[in-house]
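In what follows, a structure is listed as C-alpha cells, so that the remarks can point back to it.
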Amino acid sequence: MKISKYTDRFIKEWNECSTQAPVSLGETYTHKDKLSCEAKSEEFLKKIKKRQNKNLKAGGNNPGSTKVSFTDIRNFFKSTLNYEDSHLDIIFSDDFRESTNNFMEKGRKFDPDMNMEDIFQANRNVWIINGIQSMMGLPVKLTPSVFAYSMLYPYTDNYLDDPSIPREEKTIFSRRFRRRINGEKITPANNAEKNIYSLIGIIEKQYDRSGYPDVYRSLLAIHNSQTKSISLLDTSGTLSEMDVLKICIEKGGTSVLADGYLVSGFLTEAQRRFLFDYGAYLQLADDIQDTDKDLEAGLLTLFSRACRQTLLDKLTNRTFNIGARIMEQINCFNGSNVNSMKSLMEKSIKILIIESIGFNNKFYSKSYARDIEGYSPFRFSYLRKNRGTLSSSQSLFAEVIKESVSPDG
C-alpha cells in the first residue's frame, strides 16, 4: 500500500487549486436572519440547560421525562441550520442513532476511566464510518472493528500530541504498537497499552490476517502517519511548509482509508483514492478549526504555521476549492443515497470551516471574515461569545446523545 502515491497526488491537486474565494458556499443570511437564528439557538440552549437541571434535582430518579428529544434537535437543525430533510433522514435514522448509542455504551464499559469528551471525540469517527457503510450500501451498524478502531485514537492521538510527554517515550510506545499491529503478542507495559492491544485483538477476531491483509496494511499506514506527526511538535523550525503539509495530509488520509477497510475488508482503487482525499480534506478542516489552539500548544499544521507570517484567507479558499473537487469523486460508491450523503458531507464540512473562521477571525482579513460571515446563520461575534457552549451543530447533536446515554438514564 503506497501511501506516498496518494499523498503526492493530493498535494499536486492542492497546488493546482485556486486561492480565489468560491463563487458560493451555500445559502446566505441577512442580519435579520442571523438574529432570528440566534434567538432560536438561545431558546434551544435554555431548553437543554433546563432539562439538565431537572435531571440533577431529580437525582436520576426519573430522567426520562426531562431528556431533550431527537425531534427537538431535528427541528432545530432544519429551522436554524437549514439542513434538508434528506440530510436529517440520514443523521436521525434509527440505524445511525443506534450505532451512536451502542458506541457510547460500549465505550464506557470498555474503559470507565475514559472521560465523555474523549468518547465524543472517538464517536466522530463512528459517524464517518457509518456514512461509508451507507455509501457502500451496507448495513449501518457498530461492528466490533468499527468500535475498536474508533476507540484506538483517543488513546494514541492524544498521547502522541501531548507536548508534555518526552519524544523518546513516544518513540518507544510507537515501536511497540507497530509490533502489535503486525500481529506480535506484546506484553502491555501499562494499562493504556493493555487497552490498545485489546482493541487490536477485537479487530483480529473480525478480520483474519491472512484473508484481509489490507486491513492491517491500512492500520500500519495510519500508525506510520501518526508516528511522523510527532515531529509536528518540533520547535526548531526545520520543517518546511511542504513537510508539514505532507504529514498532515497523510495523517488525515490514512485515517479515513483505514475506516473504509474496516467497513468492508476490500476497496477498489477509486474508493481508496476518494477515502484518502476525503480524510485529508477533513484534516485540513480540523486544522483550520484548531488554529488558535495548535498555535498555543506549539503544534505545527499548515494553518498554525502560516498564521505567524500571513493571513489565512488564501489557504482557506484553497481548502474550500479542493474539497469541492474531492466530493465530485464520490460516485465510486453504489449505495442508494450517495447523492444525499454527498450533500450532507459538503454542508457539514462547510459549516465547520465557516464557524472556524468566525472563531479564529484574527487570522483573517476583515473583508474576508465579513464575506464569509454572510454564509453563517450566526454572527461571528455571537459564535465567539458562545464558543464554550453549544454553538455548533455537531456539539448540539452530541449533547442530545449524551443525554440519551447518561449514566442515570
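By convention here, the chains of the C-alpha cells are called A, B, ... in the order presented, each chain's residues are numbered starting at 1, and ligands are numbered starting at 1 in the order presented.
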
For Leu302 (chain A): contacts at 7 Å, only C-alpha atoms, fewer than 6 positions along chain excluded, given as a tab-separated table (two decimals) with N, CA and C atoms, in the first residue's frame:
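What follows is the written file part.tsv:
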chain	number	residue	atom	x	y	z
A	241	GLU	N	7.09	24.24	4.90
A	241	GLU	CA	5.65	24.22	4.69
A	241	GLU	C	5.22	22.92	4.02
A	244	VAL	N	5.25	19.96	6.51
A	244	VAL	CA	4.09	19.99	7.39
A	244	VAL	C	2.84	19.54	6.64
A	245	LEU	N	2.67	20.05	5.42
A	245	LEU	CA	1.51	19.67	4.62
A	245	LEU	C	1.47	18.17	4.38

DSSP says alpha helix (DSSP H) for which residues of region 163-345 of chain A? Put them as a PyMOL selection string? chain A and resi 167-181+191-206+213-228+241-264+269-289+291-297+302-306+313-327+338-345

Serialized selection, C-alpha atoms, as a short mmCIF file (atom, residue, chain, number, x, y, z; two decimals), in the first residue's frame:
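again-v9.cif, freshly written:
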data_model
loop_
_atom_site.label_atom_id
_atom_site.label_comp_id
_atom_site.auth_asym_id
_atom_site.auth_seq_id
_atom_site.Cartn_x
_atom_site.Cartn_y
_atom_site.Cartn_z
CA ARG A 167 9.66 12.37 22.42
CA GLU A 168 11.78 9.34 23.36
CA GLU A 169 8.88 7.90 25.36
CA LYS A 170 6.55 8.37 22.40
CA THR A 171 9.03 6.65 20.11
CA ILE A 172 9.23 3.60 22.38
CA PHE A 173 5.44 3.42 22.57
CA SER A 174 5.16 3.75 18.80
CA ARG A 175 7.61 0.90 18.14
CA ARG A 176 5.77 -1.43 20.48
CA PHE A 177 2.39 -0.51 18.99
CA ARG A 178 3.71 -1.19 15.48
CA ARG A 179 4.79 -4.68 16.54
CA ARG A 180 1.31 -5.37 17.93
CA ILE A 181 -0.34 -4.19 14.69
CA ASN A 191 -2.90 -0.01 31.42
CA ALA A 192 -3.11 2.21 28.33
CA GLU A 193 -1.16 -0.32 26.27
CA LYS A 194 -3.35 -3.08 27.67
CA ASN A 195 -6.44 -1.32 26.32
CA ILE A 196 -4.83 -0.53 22.98
CA TYR A 197 -3.63 -4.08 22.41
CA SER A 198 -7.04 -5.40 23.43
CA LEU A 199 -8.65 -3.24 20.74
CA ILE A 200 -6.31 -4.68 18.11
CA GLY A 201 -7.41 -8.11 19.32
CA ILE A 202 -11.05 -7.22 18.66
CA ILE A 203 -10.18 -6.34 15.05
CA GLU A 204 -8.27 -9.61 14.68
CA LYS A 205 -11.36 -11.57 15.67
CA GLN A 206 -13.39 -10.00 12.87
CA PRO A 213 -4.06 -8.26 4.66
CA ASP A 214 -5.07 -4.75 3.51
CA VAL A 215 -6.95 -4.17 6.75
CA TYR A 216 -3.66 -4.45 8.64
CA ARG A 217 -1.69 -2.58 5.99
CA SER A 218 -4.14 0.30 6.44
CA LEU A 219 -3.66 0.18 10.22
CA LEU A 220 0.10 0.29 9.71
CA ALA A 221 -0.33 3.23 7.35
CA ILE A 222 -2.22 5.33 9.89
CA HIS A 223 0.24 4.27 12.59
CA ASN A 224 3.21 5.35 10.45
CA SER A 225 1.49 8.65 9.77
CA GLN A 226 0.83 9.24 13.46
CA THR A 227 4.46 8.47 14.24
CA LYS A 228 5.58 11.03 11.67
CA GLU A 241 5.65 24.22 4.69
CA MET A 242 5.69 21.21 2.35
CA ASP A 243 6.94 18.92 5.13
CA VAL A 244 4.09 19.99 7.39
CA LEU A 245 1.51 19.67 4.62
CA LYS A 246 2.64 16.14 3.73
CA ILE A 247 2.48 14.94 7.32
CA CYS A 248 -0.97 16.42 7.93
CA ILE A 249 -2.37 15.16 4.63
CA GLU A 250 -1.03 11.67 5.21
CA LYS A 251 -2.39 11.55 8.76
CA GLY A 252 -5.90 12.56 7.72
CA GLY A 253 -5.94 10.48 4.55
CA THR A 254 -4.76 7.24 6.11
CA SER A 255 -7.23 7.59 8.98
CA VAL A 256 -10.29 7.52 6.71
CA LEU A 257 -8.68 4.99 4.37
CA ALA A 258 -8.48 2.64 7.35
CA ASP A 259 -12.15 3.41 8.07
CA GLY A 260 -13.01 2.05 4.62
CA TYR A 261 -11.06 -1.15 5.06
CA LEU A 262 -12.60 -1.78 8.47
CA VAL A 263 -16.04 -1.40 6.91
CA SER A 264 -15.66 -3.92 4.11
CA GLU A 269 -8.76 1.87 -6.33
CA ALA A 270 -11.33 4.63 -6.88
CA GLN A 271 -12.67 4.11 -3.35
CA ARG A 272 -9.16 4.17 -1.89
CA ARG A 273 -8.48 7.45 -3.65
CA PHE A 274 -11.71 9.09 -2.55
CA LEU A 275 -11.43 8.00 1.08
CA PHE A 276 -7.81 9.13 1.35
CA ASP A 277 -8.62 12.50 -0.22
CA TYR A 278 -11.74 12.95 1.91
CA GLY A 279 -9.74 12.19 5.06
CA ALA A 280 -7.12 14.74 4.05
CA TYR A 281 -9.86 17.32 3.46
CA LEU A 282 -11.33 16.62 6.91
CA GLN A 283 -7.86 17.03 8.43
CA LEU A 284 -7.46 20.43 6.79
CA ALA A 285 -10.88 21.48 8.08
CA ASP A 286 -10.00 20.31 11.60
CA ASP A 287 -6.68 22.16 11.44
CA ILE A 288 -8.48 25.38 10.48
CA GLN A 289 -10.76 24.89 13.47
CA THR A 291 -5.52 27.08 14.51
CA ASP A 292 -5.52 29.09 17.73
CA LYS A 293 -5.23 26.06 19.99
CA ASP A 294 -2.45 24.48 17.90
CA LEU A 295 -0.53 27.74 17.79
CA GLU A 296 -0.67 27.99 21.58
CA ALA A 297 0.39 24.34 22.02
CA LEU A 302 -0.37 24.22 7.62
CA PHE A 303 -2.53 26.87 9.27
CA SER A 304 -0.83 27.29 12.66
CA ARG A 305 2.49 27.64 10.81
CA ALA A 306 1.23 30.10 8.20
CA ASP A 313 -7.61 33.85 3.51
CA LYS A 314 -5.94 32.14 0.55
CA LEU A 315 -5.15 28.86 2.31
CA THR A 316 -8.74 28.57 3.48
CA ASN A 317 -10.07 29.35 -0.01
CA ARG A 318 -7.84 26.60 -1.39
CA THR A 319 -9.29 24.23 1.21
CA PHE A 320 -12.83 25.03 0.11
CA ASN A 321 -11.86 24.56 -3.53
CA ILE A 322 -10.06 21.24 -3.15
CA GLY A 323 -12.99 19.98 -1.08
CA ALA A 324 -15.36 20.68 -3.97
CA ARG A 325 -13.05 18.79 -6.33
CA ILE A 326 -12.80 15.80 -3.98
CA MET A 327 -16.54 15.48 -3.47
CA VAL A 338 -24.92 8.59 -2.29
CA ASN A 339 -26.21 11.93 -3.58
CA SER A 340 -27.83 12.74 -0.25
CA MET A 341 -24.67 11.70 1.59
CA LYS A 342 -22.59 13.91 -0.68
CA SER A 343 -24.82 16.90 0.00
CA LEU A 344 -24.79 16.23 3.76
CA MET A 345 -21.00 15.84 3.88
#

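The space separating CA of Ile357 (chain A) from CA of His31 (chain A) comes to 17.9 Å.
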
Counting only C-alpha atoms, the residue of A:Leu142, A:Ser86, A:Asp95, A:Pro22 that sits nearest Tyr368 (chain A):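 Selected residue with least distance to Tyr368 (chain A): A:Pro22.
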
Just the number, please: distance in Å from CA of Phe266 (chain A) to CA of Tyr212 (chain A), one decimal.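 Value for the CA of Phe266 (chain A)-CA of Tyr212 (chain A) distance: 7.6 Å.
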
Point-to-point distance in Å for CA of Trp127 (chain A) and CA of Asn102 (chain A):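 Result for CA of Asn102 (chain A) versus CA of Trp127 (chain A): 12.2 Å, one decimal.
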
Counting only C-alpha atoms, which of A:Cys17, A:Ile11, A:Leu299, A:Leu383 gets nearest to Asp162 (chain A)? A:Leu299

Just want the 10 Å neighbourhood of Gly137 (chain A), counted on only C-alpha atoms, with same-chain residues fewer than 5 positions away dropped. Output as a ChimeraX atom specification. /A:131-132,333-338

Just-selected residues, N, CA and C atoms written as a CSV table (one decimal), in the first residue's frame:
chain,number,residue,atom,x,y,z
A,131,GLY,N,-21.3,6.7,7.7
A,131,GLY,CA,-21.5,7.3,6.4
A,131,GLY,C,-20.9,6.4,5.2
A,132,ILE,N,-19.8,5.9,5.5
A,132,ILE,CA,-19.1,5.0,4.5
A,132,ILE,C,-20.0,3.7,4.3
A,333,PHE,N,-18.9,5.0,-5.1
A,333,PHE,CA,-19.8,4.1,-4.2
A,333,PHE,C,-21.1,3.9,-4.9
A,334,ASN,N,-21.8,2.8,-4.5
A,334,ASN,CA,-23.0,2.5,-5.2
A,334,ASN,C,-24.2,2.4,-4.3
A,335,GLY,N,-24.1,3.0,-3.1
A,335,GLY,CA,-25.3,3.0,-2.2
A,335,GLY,C,-26.4,3.8,-2.8
A,336,SER,N,-27.6,3.5,-2.3
A,336,SER,CA,-28.8,4.2,-2.9
A,336,SER,C,-28.9,5.6,-2.5
A,337,ASN,N,-28.2,6.1,-1.5
A,337,ASN,CA,-28.4,7.5,-1.1
A,337,ASN,C,-27.0,8.3,-1.2
A,338,VAL,N,-26.2,7.9,-2.1
A,338,VAL,CA,-24.9,8.6,-2.3
A,338,VAL,C,-25.1,10.1,-2.5

Skipping near chain neighbours, those fewer than 4 positions away, what residues fall within 9 Å of Asp161 (chain A) using only C-alpha atoms, listed as a VMD selection string? chain A and resid 156 to 157 165 229 to 230 232 to 233 299

Write the selection just made, keeping N, CA and C atoms, as a compact mmCIF listing (two decimals), in the first residue's frame?
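The resulting file, result_36.txt, is reproduced below:
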# COMPACT_ATOMS: atom_id res chain seq x y z
N THR A 156 -4.22 6.87 21.27
CA THR A 156 -2.95 7.11 20.59
C THR A 156 -2.77 8.56 20.15
N ASP A 157 -3.83 9.17 19.61
CA ASP A 157 -3.72 10.55 19.12
C ASP A 157 -3.40 11.50 20.26
N ILE A 165 4.75 14.92 27.10
CA ILE A 165 5.37 13.59 27.09
C ILE A 165 6.64 13.63 26.25
N SER A 229 3.81 12.33 12.72
CA SER A 229 3.22 13.56 13.23
C SER A 229 3.85 14.02 14.55
N ILE A 230 4.63 13.14 15.19
CA ILE A 230 5.34 13.56 16.41
C ILE A 230 6.23 14.75 16.10
N LEU A 232 5.64 17.20 14.35
CA LEU A 232 4.90 18.46 14.26
C LEU A 232 4.99 19.28 15.55
N LEU A 233 5.53 18.67 16.59
CA LEU A 233 5.77 19.40 17.84
C LEU A 233 7.20 19.94 17.91
N LEU A 299 1.92 23.14 18.17
CA LEU A 299 1.72 22.05 17.22
C LEU A 299 1.63 22.63 15.82

Which residue out of A:Tyr155, A:Ser145, A:Ser356, A:Leu311 has the minimum interatomic distance to Gln121 (chain A) when only C-alpha atoms are used?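 The answer is A:Tyr155, which sits nearest to Gln121 (chain A).
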
From the list A:Asp85, A:Glu27, A:Asp72, A:Glu42, which residue is nearest Ile372 (chain A) when using only C-alpha atoms?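 Between A:Asp85, A:Glu27, A:Asp72, A:Glu42, the residue approaching Ile372 (chain A) most closely is A:Glu27.
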